[in-house]
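Asks: Below you will find the structure I want to go over with you.
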Amino acid sequence: MAAPSITLVGLSHRTAPVAIRERYAFDEEGARAVLADLTAQGMREAVLLSTCNRTEVYGIGADGLTPEAVRERVVAALCAAKGTPVDQVAPHLYAMEGVGAVRHLFRVAASLDSLVLGEPQILGQAKTAYRIAGEAGTVGPLLGRFFERAFKVAKEIRTNTGVGTGQVSVGSIAVDLARQVFGNLGKCTVLLLGAGKMAEAVAKTLASAGAERVVVANRTVDKAMRVAERYGWNGKALEDLPALLTDADVVIASVAFPGFVVERAGLKTVMARRRYRPMFLVDIAVPRVLDPGVADLEGVYLYNIDDFNEIIAGHLRRRAQDVRQADAVVAREVEGVDRYLRTLEIQPLVSELGRRAASLRERETARALHELGDLNEAQRKVIEALAGSLVNKLMADPLAALRDAAQSGGADALADAARRLFRLDRDADNGTEGEGERPR
C-alpha cells in the first residue's frame with residue numbers, strides 16, 4: 001500500500017488570461033459542490049482555493065488512486081461544475097505533487113505567488129477555502145497539517161520580512177494607472193463600482209491620492225454610503241449608472257455582478273452624450289463586469305488586471321530582497337515537510353513490520369503458555385510482558401534506522417533489505433504471515 005501524497009491542480013494569472021480565470025471562479029456554494037463531487041470520485045481529502053487570480057485544488061487520493069488519477073478527477077470535477085470541455089482549460093493548468101505542491105501552497109499563502117507581491121487578501125482567502133473544506137468534511141490529517149503550517153509560514157513572513165511593508169494591491173495599481181493618465185486625481189470625477197473589501201481598499205488609495213470628487217455605486221445603497229461617507233463622498237445605487245457614467249472621468253469596477261454591469265451598447269450612448277470626452281475604465285473584478293467590447297468605442301480606454309504587468313514587474317524588481325528573505329523561510333519549512341513526507345513513504349513498511357512482530361509475539365506467547373501448563377494470572381502476565389519487551393526491543397533499532405534513512409532520503413536500499421530479511425515479499429506472494437518455524 002503506497003503512502004498518501006498531496007496533489008495540486010490549478011490555474012492562475014501566470015498561466016491563464018482573465019477570460020479563462022473568470023470562467024473557473026467559484027463562490028462558496030460552487031466550491032462545496034466541487035468538493036462533494038471529488039469525494040464521490042474517491043478523493044480522501046480536498047481543498048478548493050478560488051480567488052480573482054487563481055483556482056487551485058489540493059487533494060489527497062484514496063488508497064489505490066495514482067497522482068495521475070487524482071489530476072484527472074480534479075479536472076473532470078472543475079469542468080463538470082462549469083459545463084465546459086476539458087480541452088478548454090487543459091492548456092492553462094499546472095500540476096504539482098508531494099513537496100512541490102506544499103512549497104507552492106506556502107508561497108501562495110504568503111502572497112509570494114500573487115499578482116501583486118505582499119497583498120494581504122490571499123491569506124484570508126486561503127483560510128476561507130480551508131474553512132469551507134472543513135465544513136464539507138474534506139479536510140483530513142494531511143491537508144490539515146499542511147494548511148495550518150502554511151498559515152504560520154505566511155504570518156512569519158509578514159512579521160519578519162519586508163514582504164508586507166509598502167503594501168501594494170490590485171486596487172492601488174488601478175489608481176496608479178489612473179494617475180498616470182490624468183495626473184492630479186483631485187481634478188477628476190471618479191466612479192467606484194462596488195462596496196466590498198476590494199472596493200474599500202481602492203477607496204482608501206483614492207483618498208490618499210487626493211481624489212475628492214468620488215461616487216461609490218453599489219447594488220446595496222447603504223453599503224455604498226458607508227464606504228463613501230468615510231471620505232466625504234457620495235454613495236449611489238447602481239440603477240443610477242447611466243447618469244453616473246456621463247459625469248465620470250475614471251471608473252474603477254470591483255463589484256460582484258451577474259454579467260456585465262456596463263455593456264457596450266449602453267456605454268456607446270453615454271459616450272455620445274459626453275461628446276466623446278475621454279473615459280478611463282479599470283476592471284479589477286473577476287469575473288469581469290465591464291464589457292470588453294467597450295474598448296473599441298471612441299474615447300474609451302479600458303484596462304483589466306491582465307494589463308498591470310509592467311507596473312507589477314517594476315514592483316517585483318524593487319522588492320527582490322524581500323522575496324529572497326521570504327523564500328528562505330519557505331525553504332526552511334519545506335525541508336521539514338520533505339522529511340515528514342519521506343517518513344510517510346516508508347510508513348506502510350513500518351506498519352507491516354509492526355504487524356509481523358505482533359503476530360509473532362502473540363503466537364509464540366500462546367505456544368509458551370500452552371507448554372508451561374497451569375500458571376496463575378501473575379505468571380502469565382510475566383510471560384506476556386517478557387515476550388512483548390523482547391519483540392519491542394528487537395524491532396526498535398531496525399524501525400528507527402528505517403525512519404532515519406527515510407528522512408535523509410536513503411531509505412530504498414534499507415527498505416529492500418528489511419523486506420528480504422523479514423521475508424515480507426515472499427510471504428505476500430505465498431499469502432502467509434511468514435511464521436518461520438512451525439510448532440511441532
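Residues are named by chain letter and number: chains run A, B, ... in the order of the C-alpha cells, numbers start at 1 in each chain, and ligands are numbered from 1 in the order shown.
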Within 8 Å of region 117-140 of chain A, which residues of region 23-104 of chain A come that close, and what is the closest atom pair and distance in Å for each? Count only C-alpha atoms and give it as CSV.
Replies:
residue,atom,partner,partner_atom,distance
A:Glu28,CA,A:Ile132,CA,7.2
A:Ala31,CA,A:Ile132,CA,7.8
A:Arg32,CA,A:Ala136,CA,6.6
A:Leu35,CA,A:Thr138,CA,7.1
A:Ala36,CA,A:Ala136,CA,7.5
A:Thr39,CA,A:Thr138,CA,7.4
A:Arg44,CA,A:Thr138,CA,7.0
A:Glu45,CA,A:Thr138,CA,4.7
A:Ala46,CA,A:Thr138,CA,5.3
A:Val47,CA,A:Ala133,CA,5.4
A:Leu48,CA,A:Ala129,CA,6.0
A:Leu49,CA,A:Ala129,CA,5.3
A:Ser50,CA,A:Ala129,CA,7.6
A:Thr51,CA,A:Gln125,CA,7.0
Asks: Distance table requested - region 255-291 of chain A against region 215-218 of chain A, cut-off 10 Å, only C-alpha atoms: one row per qualifying residue with the closest atom pair and its distance in Å to one decimal, ordered by chain and rising residue number, as a tab-separated table.
Replies:
residue	atom	partner	partner_atom	distance
A:Val255	CA	A:Asn218	CA	7.4
A:Ala256	CA	A:Asn218	CA	9.3
A:Phe257	CA	A:Asn218	CA	9.9
Asks: The selected residues should be written to file as a PDB file, in the first residue's frame (atoms: N, CA and C atoms).
Replies:
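part36.pdb, written as the output of this step:
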ATOM      1  N   VAL A 255     -17.045  45.120  -8.349  1.00  0.00           N
ATOM      2  CA  VAL A 255     -18.366  44.770  -7.853  1.00  0.00           C
ATOM      3  C   VAL A 255     -18.717  43.354  -8.298  1.00  0.00           C
ATOM      4  N   ALA A 256     -19.391  42.616  -7.440  1.00  0.00           N
ATOM      5  CA  ALA A 256     -19.907  41.305  -7.832  1.00  0.00           C
ATOM      6  C   ALA A 256     -21.225  41.527  -8.558  1.00  0.00           C
ATOM      7  N   PHE A 257     -21.298  41.047  -9.796  1.00  0.00           N
ATOM      8  CA  PHE A 257     -22.479  41.328 -10.613  1.00  0.00           C
ATOM      9  C   PHE A 257     -22.684  40.184 -11.598  1.00  0.00           C
TER      10      PHE A 257
END
Asks: Mind checking which residues fall within 9 Å of Thr55 (chain A), counting only C-alpha atoms, ignoring those fewer than 6 positions away in the same chain, and posting them as a PyMOL selection string?
Replies: chain A and resi 9-12+21+24-26+48-49
Asks: With C-alpha atoms retained, could you export that selection as a PDB file, in the first residue's frame?
Replies:
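This went into selection-v1.pdb:
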ATOM      1  CA  VAL A   9      -4.039  21.077  -9.885  1.00  0.00           C
ATOM      2  CA  GLY A  10      -4.688  24.712 -10.721  1.00  0.00           C
ATOM      3  CA  LEU A  11      -4.564  27.738 -12.963  1.00  0.00           C
ATOM      4  CA  SER A  12      -3.567  31.301 -12.140  1.00  0.00           C
ATOM      5  CA  ARG A  21      -9.813  32.580 -14.885  1.00  0.00           C
ATOM      6  CA  TYR A  24     -13.393  28.783 -13.464  1.00  0.00           C
ATOM      7  CA  ALA A  25     -14.011  31.021 -10.453  1.00  0.00           C
ATOM      8  CA  PHE A  26     -16.130  29.504  -7.656  1.00  0.00           C
ATOM      9  CA  LEU A  48     -10.542  24.275  -3.364  1.00  0.00           C
ATOM     10  CA  LEU A  49      -8.980  27.746  -3.335  1.00  0.00           C
TER      11      LEU A  49
END
Asks: Could you give me the residues within region 131-360 of chain A that DSSP places in helix (DSSP H, G or I), as a PyMOL selection string?
Replies: chain A and resi 131-136+141-160+170-182+185-187+197-208+221-229+238-247+264-273+292-296+305-307+309-318+320-345+347-360
Asks: For the selection you just gave me, I'd like the residues written to a file as a tab-separated table (two decimals), in the first residue's frame, keeping C-alpha atoms.
Replies:
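So selection35.tsv came out as:
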chain	number	residue	atom	x	y	z
A	131	ARG	CA	-12.93	26.53	6.44
A	132	ILE	CA	-15.28	25.56	3.60
A	133	ALA	CA	-13.45	22.26	3.11
A	134	GLY	CA	-13.53	21.62	6.85
A	135	GLU	CA	-17.29	22.20	6.93
A	136	ALA	CA	-17.66	19.91	3.90
A	141	PRO	CA	-4.80	14.90	8.78
A	142	LEU	CA	-2.55	15.63	5.80
A	143	LEU	CA	-4.19	18.72	4.30
A	144	GLY	CA	-4.98	19.91	7.81
A	145	ARG	CA	-1.31	19.71	8.70
A	146	PHE	CA	-0.13	21.45	5.52
A	147	PHE	CA	-2.68	24.28	5.53
A	148	GLU	CA	-2.18	25.05	9.23
A	149	ARG	CA	1.56	25.17	8.57
A	150	ALA	CA	1.02	27.42	5.55
A	151	PHE	CA	-0.84	29.93	7.72
A	152	LYS	CA	2.04	30.00	10.22
A	153	VAL	CA	4.59	30.43	7.43
A	154	ALA	CA	2.61	33.33	5.99
A	155	LYS	CA	2.41	35.02	9.39
A	156	GLU	CA	6.15	34.62	9.96
A	157	ILE	CA	6.95	36.07	6.54
A	158	ARG	CA	4.72	39.08	7.06
A	159	THR	CA	6.17	39.64	10.53
A	160	ASN	CA	9.87	39.06	9.88
A	170	VAL	CA	-4.52	45.38	-7.34
A	171	GLY	CA	-6.65	48.33	-6.31
A	172	SER	CA	-3.66	50.59	-5.72
A	173	ILE	CA	-2.27	49.69	-9.14
A	174	ALA	CA	-5.60	50.65	-10.70
A	175	VAL	CA	-5.35	54.03	-9.00
A	176	ASP	CA	-1.72	54.41	-10.13
A	177	LEU	CA	-2.78	53.78	-13.72
A	178	ALA	CA	-5.42	56.49	-13.42
A	179	ARG	CA	-2.85	58.91	-12.02
A	180	GLN	CA	-0.51	58.17	-14.90
A	181	VAL	CA	-3.25	59.15	-17.34
A	182	PHE	CA	-4.80	62.13	-15.55
A	185	LEU	CA	-6.91	62.89	-9.48
A	186	GLY	CA	-8.22	65.82	-7.45
A	187	LYS	CA	-9.47	67.34	-10.70
A	197	LYS	CA	-13.39	44.63	0.72
A	198	MET	CA	-11.56	45.26	-2.54
A	199	ALA	CA	-13.57	48.42	-3.17
A	200	GLU	CA	-12.84	49.62	0.36
A	201	ALA	CA	-9.11	49.19	-0.32
A	202	VAL	CA	-9.47	51.14	-3.57
A	203	ALA	CA	-11.35	53.90	-1.75
A	204	LYS	CA	-8.54	54.23	0.78
A	205	THR	CA	-5.98	54.50	-2.02
A	206	LEU	CA	-8.07	57.06	-3.90
A	207	ALA	CA	-8.32	59.20	-0.78
A	208	SER	CA	-4.54	59.00	-0.29
A	221	VAL	CA	-27.05	51.75	-1.37
A	222	ASP	CA	-26.41	51.53	2.39
A	223	LYS	CA	-23.07	49.80	1.76
A	224	ALA	CA	-22.14	52.41	-0.84
A	225	MET	CA	-22.97	55.19	1.62
A	226	ARG	CA	-20.96	53.54	4.39
A	227	VAL	CA	-17.81	53.47	2.23
A	228	ALA	CA	-18.37	56.93	0.73
A	229	GLU	CA	-19.12	58.79	3.95
A	238	LEU	CA	-26.26	51.04	-9.48
A	239	GLU	CA	-29.62	51.89	-11.03
A	240	ASP	CA	-28.25	55.44	-11.45
A	241	LEU	CA	-25.33	54.13	-13.52
A	242	PRO	CA	-26.11	55.81	-16.89
A	243	ALA	CA	-26.15	59.26	-15.31
A	244	LEU	CA	-23.09	58.48	-13.18
A	245	LEU	CA	-21.12	57.32	-16.23
A	246	THR	CA	-21.98	60.52	-18.06
A	247	ASP	CA	-20.08	62.54	-15.44
A	264	ARG	CA	-21.13	48.21	-24.97
A	265	ALA	CA	-24.47	49.45	-26.28
A	266	GLY	CA	-25.22	51.44	-23.14
A	267	LEU	CA	-21.77	53.00	-22.93
A	268	LYS	CA	-21.91	53.93	-26.62
A	269	THR	CA	-24.98	56.03	-25.86
A	270	VAL	CA	-23.26	57.54	-22.81
A	271	MET	CA	-20.13	58.46	-24.82
A	272	ALA	CA	-22.21	60.25	-27.45
A	273	ARG	CA	-23.92	62.20	-24.66
A	292	PRO	CA	-14.58	44.06	-23.15
A	293	GLY	CA	-16.34	45.30	-26.26
A	294	VAL	CA	-16.36	48.88	-24.94
A	295	ALA	CA	-12.61	49.08	-25.64
A	296	ASP	CA	-13.19	49.93	-29.31
A	305	ILE	CA	-5.88	43.17	-14.23
A	306	ASP	CA	-4.01	41.41	-17.03
A	307	ASP	CA	-2.80	44.85	-18.18
A	309	ASN	CA	2.18	43.56	-15.85
A	310	GLU	CA	4.57	46.45	-16.41
A	311	ILE	CA	3.78	48.12	-13.09
A	312	ILE	CA	3.95	44.79	-11.27
A	313	ALA	CA	7.31	43.92	-12.85
A	314	GLY	CA	8.78	47.16	-11.53
A	315	HIS	CA	7.32	46.45	-8.10
A	316	LEU	CA	8.94	43.00	-8.07
A	317	ARG	CA	12.33	44.38	-9.06
A	318	ARG	CA	12.21	46.78	-6.13
A	320	ALA	CA	13.68	41.34	-4.86
A	321	GLN	CA	15.50	41.27	-1.50
A	322	ASP	CA	12.22	40.86	0.38
A	323	VAL	CA	11.32	37.92	-1.85
A	324	ARG	CA	14.68	36.25	-1.21
A	325	GLN	CA	14.21	36.55	2.54
A	326	ALA	CA	10.68	35.17	2.34
A	327	ASP	CA	11.73	32.29	0.11
A	328	ALA	CA	14.40	31.39	2.64
A	329	VAL	CA	11.65	30.98	5.26
A	330	VAL	CA	9.65	28.82	2.83
A	331	ALA	CA	12.73	26.70	2.03
A	332	ARG	CA	13.37	26.04	5.72
A	333	GLU	CA	9.80	24.93	6.31
A	334	VAL	CA	9.74	22.82	3.16
A	335	GLU	CA	12.75	20.86	4.42
A	336	GLY	CA	10.70	19.77	7.40
A	337	VAL	CA	7.78	18.83	5.15
A	338	ASP	CA	10.13	16.84	2.92
A	339	ARG	CA	11.39	14.83	5.89
A	340	TYR	CA	7.82	14.20	7.00
A	341	LEU	CA	6.71	13.07	3.54
A	342	ARG	CA	9.71	10.76	3.23
A	343	THR	CA	8.76	9.19	6.56
A	344	LEU	CA	5.24	8.66	5.24
A	345	GLU	CA	6.65	6.81	2.24
A	347	GLN	CA	5.16	4.03	6.86
A	348	PRO	CA	3.44	1.09	5.08
A	349	LEU	CA	6.63	-0.96	5.55
A	350	VAL	CA	6.89	0.09	9.19
A	351	SER	CA	3.27	-0.90	9.73
A	352	GLU	CA	3.84	-4.23	8.02
A	353	LEU	CA	6.85	-4.96	10.21
A	354	GLY	CA	4.82	-3.98	13.26
A	355	ARG	CA	2.06	-6.38	12.31
A	356	ARG	CA	4.63	-9.13	11.73
A	357	ALA	CA	6.19	-8.54	15.14
A	358	ALA	CA	2.77	-8.51	16.84
A	359	SER	CA	1.77	-11.76	15.12
A	360	LEU	CA	4.99	-13.49	16.16
Asks: Mind listing the strand (DSSP E) residues of region 252-338 of chain A, per DSSP on the backbone, as number ranges by chain?
Replies: A: 252-253, 279-283, 300-304
Asks: Measuring between only C-alpha atoms, which one of A:Val214, A:Ala253, A:Leu297, A:Val163 shows the shortest distance to Leu112 (chain A)?
Replies: A:Val163
Asks: Taking only C-alpha atoms into account, name the residue in A:Ile6, A:Ala209, A:Leu105, A:Ala77 that is nearest to Leu65 (chain A).
Replies: A:Ile6
